[in-house]
Structure formats: C-alpha cells, structure tokens
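Visitor: Just so it is clear, I am handing over data.txt, which has compact mmCIF, C-alpha atoms and all ligand atoms.
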```
# COMPACT_ATOMS: atom_id res chain seq x y z
CA MET A 147 -9.88 11.74 -1.04
CA ALA A 148 -9.20 10.63 2.55
CA ALA A 149 -5.95 8.74 3.15
CA LYS A 150 -6.21 4.95 3.01
CA PRO A 151 -7.01 3.57 6.46
CA THR A 152 -4.45 1.11 7.85
CA ILE A 153 -5.79 -2.14 9.24
CA GLY A 154 -3.60 -3.88 11.77
CA ILE A 155 -3.59 -7.61 11.18
CA VAL A 156 -2.94 -9.40 14.47
CA ALA A 157 -0.09 -11.67 13.46
CA ILE A 158 0.77 -13.78 16.46
CA GLN A 159 -0.63 -16.98 14.95
CA GLY A 160 -3.04 -18.21 12.28
CA ASP A 161 -3.95 -17.15 8.73
CA PHE A 162 -2.97 -13.50 9.04
CA SER A 163 -1.25 -13.37 5.62
CA ALA A 164 -4.52 -14.20 3.84
CA HIS A 165 -6.26 -11.38 5.74
CA GLY A 166 -3.49 -8.97 4.76
CA ARG A 167 -3.82 -9.89 1.06
CA ALA A 168 -7.63 -9.64 1.13
CA PHE A 169 -7.67 -6.22 2.85
CA SER A 170 -5.00 -4.85 0.45
CA ARG A 171 -7.16 -5.97 -2.47
CA ALA A 172 -10.15 -4.33 -0.77
CA GLY A 173 -8.31 -0.99 -0.79
CA ALA A 174 -6.88 -0.72 2.74
CA GLY A 175 -3.34 -0.28 3.95
CA VAL A 176 -2.23 -3.19 6.11
CA ALA A 177 0.33 -3.55 8.88
CA LEU A 178 1.15 -6.60 10.99
CA VAL A 179 0.49 -6.19 14.70
CA ARG A 180 2.44 -8.25 17.24
CA THR A 181 3.09 -5.85 20.13
CA PRO A 182 1.16 -3.11 21.95
CA ASP A 183 3.43 -0.60 20.20
CA ASP A 184 2.34 -1.84 16.77
CA LEU A 185 -1.22 -0.74 17.60
CA LYS A 186 -0.24 2.94 17.58
CA SER A 187 -0.14 3.23 13.80
CA VAL A 188 -3.37 1.41 12.90
CA GLN A 189 -6.99 2.58 12.69
CA ALA A 190 -8.64 -0.84 12.87
CA LEU A 191 -7.82 -4.45 13.64
CA ALA A 192 -8.34 -7.80 11.94
CA LEU A 193 -8.21 -10.88 14.15
CA PRO A 194 -7.49 -13.94 12.01
CA GLY A 195 -8.57 -17.52 12.38
CA GLY A 196 -6.14 -19.97 13.86
CA GLU A 197 -6.11 -21.47 17.30
CA SER A 198 -7.53 -19.54 20.23
CA THR A 199 -5.49 -21.50 22.80
CA THR A 200 -2.23 -20.43 21.11
CA MET A 201 -3.51 -16.87 20.65
CA THR A 202 -4.31 -16.77 24.38
CA LEU A 203 -0.90 -18.13 25.30
CA LEU A 204 1.08 -15.69 23.15
CA GLY A 205 -1.08 -12.58 23.11
CA TYR A 206 -1.35 -11.86 26.85
CA GLU A 207 2.34 -12.43 27.52
CA ASN A 208 3.48 -9.17 25.91
CA GLY A 209 0.31 -7.22 26.73
CA LEU A 210 -1.06 -7.21 23.18
CA TRP A 211 -4.56 -8.43 24.10
CA GLN A 212 -4.82 -6.02 27.02
CA ALA A 213 -3.80 -3.06 24.81
CA ALA A 214 -6.04 -4.17 21.92
CA ALA A 215 -9.02 -4.50 24.29
CA SER A 216 -8.67 -0.94 25.52
CA ARG A 217 -8.39 0.44 21.94
CA ILE A 218 -11.47 -1.57 20.93
CA GLN A 219 -13.39 -0.28 23.94
CA GLU A 220 -12.47 3.24 22.85
CA GLY A 221 -14.13 2.54 19.48
CA MET A 222 -11.51 1.01 17.21
CA PRO A 223 -13.25 -1.15 14.54
CA VAL A 224 -12.46 -4.88 14.51
CA PHE A 225 -12.99 -7.57 11.87
CA ALA A 226 -12.63 -10.93 13.64
CA THR A 227 -12.90 -14.36 12.09
CA CYS A 228 -13.22 -17.80 13.64
CA ALA A 229 -10.62 -18.05 16.45
CA GLY A 230 -10.71 -14.23 16.42
CA VAL A 231 -14.42 -14.35 17.32
CA ILE A 232 -13.65 -16.73 20.16
CA MET A 233 -11.14 -14.15 21.45
CA LEU A 234 -13.84 -11.42 21.39
CA ALA A 235 -16.61 -13.46 23.02
CA ALA A 236 -18.11 -12.86 26.44
CA GLY A 237 -18.35 -16.54 27.25
CA LEU A 238 -17.50 -20.07 26.13
CA GLU A 239 -19.82 -23.06 26.38
CA GLN A 240 -16.83 -25.09 27.54
CA GLU A 241 -14.90 -22.91 29.99
CA SER A 242 -11.17 -23.55 29.72
CA GLU A 243 -8.24 -21.77 31.28
CA LYS A 244 -6.44 -22.20 27.96
CA VAL A 245 -8.77 -19.73 26.25
CA ARG A 246 -9.25 -16.28 27.79
CA PRO A 247 -11.68 -14.28 25.67
CA LEU A 248 -11.82 -10.49 25.92
CA GLY A 249 -15.57 -10.15 26.47
CA LEU A 250 -16.08 -7.46 23.83
CA LEU A 251 -18.96 -9.12 21.92
CA ASP A 252 -22.01 -10.20 23.93
CA ILE A 253 -22.04 -13.72 22.58
CA THR A 254 -21.46 -17.22 23.87
CA VAL A 255 -19.56 -19.57 21.57
CA SER A 256 -19.03 -23.28 21.40
CA ARG A 257 -15.57 -24.10 20.01
CA ASN A 258 -15.10 -26.71 17.25
CA ALA A 259 -18.85 -27.25 17.22
CA TYR A 260 -19.06 -28.43 13.59
CA GLY A 261 -16.44 -31.12 14.20
CA SER A 262 -12.81 -31.63 13.23
CA GLN A 263 -10.67 -30.27 10.37
CA VAL A 264 -11.93 -32.91 7.91
CA GLU A 265 -15.48 -31.75 8.53
CA SER A 266 -14.64 -28.25 7.29
CA PHE A 267 -17.06 -27.02 4.61
CA GLU A 268 -18.16 -24.16 2.35
CA SER A 269 -21.70 -22.85 2.22
CA ALA A 270 -23.68 -19.75 1.26
CA VAL A 271 -24.19 -17.34 4.13
CA ARG A 272 -26.71 -14.48 4.38
CA VAL A 273 -25.30 -11.28 5.85
CA LYS A 274 -27.32 -8.23 6.85
CA LEU A 275 -25.38 -5.03 6.21
CA GLY A 276 -27.28 -1.87 7.06
CA LYS A 277 -30.69 -2.14 5.44
CA GLY A 278 -29.62 -4.62 2.76
CA GLU A 279 -28.74 -8.28 2.74
CA VAL A 280 -25.93 -9.94 0.76
CA ARG A 281 -25.02 -13.55 0.11
CA VAL A 282 -21.39 -14.52 0.51
CA THR A 283 -19.49 -17.80 0.49
CA GLY A 284 -18.73 -18.96 4.00
CA VAL A 285 -15.64 -21.12 4.46
CA PHE A 286 -15.94 -22.91 7.82
CA ILE A 287 -12.77 -24.50 9.27
CA ARG A 288 -13.13 -26.05 12.74
CA ALA A 289 -15.42 -23.11 13.30
CA PRO A 290 -17.13 -22.17 16.54
CA VAL A 291 -20.91 -21.91 16.77
CA ILE A 292 -22.46 -18.77 18.25
CA THR A 293 -24.96 -20.25 20.69
CA GLU A 294 -26.25 -17.01 22.21
CA VAL A 295 -26.33 -13.34 21.18
CA ARG A 296 -27.28 -10.69 23.73
CA GLU A 297 -27.99 -6.99 23.19
CA PRO A 298 -26.42 -4.63 22.38
CA THR A 299 -24.68 -7.21 20.17
CA LEU A 300 -26.88 -8.28 17.24
CA ALA A 301 -26.91 -11.28 14.92
CA ALA A 302 -25.88 -10.17 11.42
CA GLY A 303 -25.17 -13.35 9.44
CA TRP A 304 -26.83 -16.73 9.13
CA LEU A 305 -26.15 -20.18 7.70
CA GLY A 306 -29.73 -21.43 7.52
CA SER A 307 -31.01 -20.47 10.96
CA GLN A 308 -27.60 -20.70 12.62
CA VAL A 309 -26.01 -17.35 13.57
CA VAL A 310 -22.55 -17.08 11.97
CA MET A 311 -21.91 -13.36 12.36
CA ALA A 312 -22.50 -10.99 15.27
CA VAL A 313 -21.98 -7.26 15.34
CA LYS A 314 -21.76 -4.61 18.04
CA GLY A 315 -21.23 -1.19 16.47
CA SER A 316 -17.97 -1.47 14.57
CA ILE A 317 -16.97 -4.80 16.15
CA TRP A 318 -17.66 -7.56 13.61
CA GLY A 319 -17.33 -11.25 14.50
CA LEU A 320 -17.58 -13.89 11.75
CA THR A 321 -17.26 -17.60 12.44
CA PHE A 322 -16.30 -18.22 8.78
CA HIS A 323 -13.31 -17.11 6.67
CA PRO A 324 -14.10 -14.45 4.03
CA GLU A 325 -10.35 -14.03 3.47
CA LEU A 326 -10.27 -17.50 1.88
CA SER A 327 -13.26 -17.27 -0.46
CA GLY A 328 -11.95 -14.63 -2.89
CA ASP A 329 -15.15 -12.61 -2.35
CA LEU A 330 -14.20 -9.20 -0.93
CA THR A 331 -17.74 -7.92 -0.23
CA LEU A 332 -17.36 -7.93 3.55
CA GLN A 333 -13.82 -6.53 3.58
CA LYS A 334 -14.89 -3.66 1.28
CA ARG A 335 -17.83 -2.82 3.55
CA PHE A 336 -15.54 -2.89 6.57
CA VAL A 337 -13.04 -0.56 4.86
CA GLU A 338 -15.92 1.86 4.13
CA LEU A 339 -16.90 1.69 7.81
CA ILE A 340 -13.38 2.62 8.93
CA ALA A 341 -13.22 5.47 6.46
CA ARG A 342 -16.39 6.87 8.11
CA ASN A 343 -15.23 6.16 11.68
N1 LIG B 401 -10.91 -24.34 16.38
C1 LIG B 401 -10.17 -23.12 16.50
C2 LIG B 401 -10.20 -22.58 17.95
O1 LIG B 401 -10.89 -23.11 18.75
C3 LIG B 401 -10.71 -22.06 15.56
C4 LIG B 401 -10.54 -22.50 14.13
C5 LIG B 401 -10.26 -21.39 13.14
O2 LIG B 401 -9.96 -20.26 13.52
N2 LIG B 401 -10.32 -21.72 11.86
O3 LIG B 401 -9.54 -21.65 18.26
```
Translate the structure described by the file into structure tokens.
Guide:
Amino acid sequence: MAAKPTIGIVAIQGDFSAHGRAFSRAGAGVALVRTPDDLKSVQALALPGGESTTMTLLGYENGLWQAAASRIQEGMPVFATCAGVIMLAAGLEQESEKVRPLGLLDITVSRNAYGSQVESFESAVRVKLGKGEVRVTGVFIRAPVITEVREPTLAAGWLGSQVVMAVKGSIWGLTFHPELSGDLTLQKRFVELIARN
C-alpha cells in the first residue's frame, strides 16, 4: 500500500486543530504548516476557517502565502474552508486592503454574507463528486457567499441554489466547515485524490 499522504494544515490562525483531527480520522498524516519551510514535507494543504484579515496579516509577512501559492500552481491539492476559500478567491465583492486573496480559484466571494456569528447555521448541502452526488451537513459560521464562478473553476456544492463549493482540478473551496460536522465524507474523498495525485 502507498505511504499515507501528509496534509499540511495551515496553522497561522483559525480552527486548524479541528482540521488536523478530521484528516487524521480520515486516514491522512497531518503536519502543521506555519513557514515556507514547513511546506517541504507535505503533499497537500488544508486552509482552515478563521479570519481572512488576520490570515492576510500574518501569512504574507514570513512568505508563507507566496510559497503556498507557487506550490498550488504547480499542482499541490488544497482543501480550503470558509476564510480559506476567501484566501483562494480571485476577487472580493467588497475590495479591502486587509484581505489579499491569492487568486487561485476563479470565484468572487462576498464576506460575511449570511450575517454575524449569531446567524451561523447548519444545513444539508449537496456535493457533486465525480459522477455521483452526496449529501453532507454544512456548518456555516460567518461564511462567505460565492457570488460568481468562472471556468475553469466549477461549482461543486449547493445549499438550495446557492453555490457553497467550487473546484478547480485538485483545488477545493468550501464555504462551510466539514471538520466540525463529524461527517468525514469529503475529507476521505480528498485523501483518495491526494493518493492518486
Ligand atoms: N468571516 C470570516 C472572514 O471573513 C470567515 C469565517 C470563517 O472562516 N468561519 O474571514
């Protein structure tokens, strides 16, 4: 059997511990990533939820975002949730110098579009994986809304008619938090993807 892939959990801010636990349970090795050097020993990345302004502030300072962007452009798979999706987006509805997205997913996002923390909610989400479709529990916490998806990025998950997941090759962006629902369906599929990569 192939060695377990190691997923680097970007751990500069946010709910990275929950991602680490979920990916371990889904069968991956995990390592925390805080510096460009930490990227050398990982085959994929998870970008947690948290606060994209803080992630911007801390992640460019030591060159982590710049180094991560070039690895991702070279084909490294990424599993990004919530603030992580904001960091991957091509554009923001409300431009702000406090948030500098990497432009790796061809999507536009609107931050905090469902309202404040108290308006966080859980709801069933439909996700298209390959030819099949699965239903997972979506936990939405001050989540962004994906307002536009442009090719080659494709919509891959929906809450009603609202796009909540966008995918470009092995770059996955989810506006909800699968690491908090206890359902490991998406993490397991991502681990399979890395094993094939
Ligand atoms: N509202 C946060 C932001 O704009 C994202 C929230 C989250 O990641 N749960 O960065």
Visitor: Might you pull out every residue within 9 Å of Phe169 (chain A), with only C-alpha atoms counted and same-chain residues fewer than 4 positions away left off, and present them as a ChimeraX atom specification?
Guide: /A:153,164-165,173-176,325,330,333-334,337
Visitor: Calculate how many Å separate CA of Pro247 (chain A) from CA of Ile232 (chain A), rounding to one decimal.
Guide: 6.3 Å
Visitor: Kindly provide, as a PyMOL selection string, all nucleotide and amino acid residues lying within 6 Å of ligand LIG 401 (chain B), counting only C-alpha atoms and all ligand atoms.
Guide: chain A and resi 195-198+228-229+257-258+287-289
Visitor: So, with only C-alpha atoms as the atoms that count, which of A:Thr202, A:Thr299, A:Thr331, A:Thr293 lies closest to Gly319 (chain A)?
Guide: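 Comparing A:Thr202, A:Thr299, A:Thr331, A:Thr293 against Gly319 (chain A), the winner is A:Thr299.
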Visitor: To one decimal place in Å, what is the distance between CA of Gly221 (chain A) and CA of Leu204 (chain A)?
Guide: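 Separating CA of Gly221 (chain A) from CA of Leu204 (chain A) is a distance of 24.0 Å.
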Visitor: Would you kindly identify which residues have an atom no farther than 10 Å from (-20.6, -6.5, 11.9), using all atoms listed in the file and the file's own coordinates, and write them out as a list in words?
Guide: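 Output of the proximity query reads Pro223, Val224, Phe225, Ala226, Val273, Lys274, Leu275, Gly276, Thr299, Leu300, Ala301, Ala302, Gly303, Met311, Ala312, Val313, Lys314, Gly315, Ser316, Ile317, Trp318, Gly319, Leu320, Leu332, Arg335, Phe336 and Leu339 of chain A.
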Visitor: Tell me, in Å to one decimal, how far CA of Gly205 (chain A) is from CA of Asp183 (chain A).
Guide: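 Computing it gives 13.1 Å between the two atoms.
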Visitor: Restricting the calculation to only C-alpha atoms, which member of A:Arg217, A:Ala172, A:Thr199, A:Arg281 is positioned closest to Ser242 (chain A)?
Guide: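 Between A:Arg217, A:Ala172, A:Thr199, A:Arg281, the residue approaching Ser242 (chain A) most closely is A:Thr199.
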Visitor: Find the residue from A:Leu326, A:Val291, A:Ser170, A:Val280 that sits nearest to Val309 (chain A); use all atoms listed in the file when measuring.
Guide: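 Closest to Val309 (chain A) of all the choices is A:Val291.
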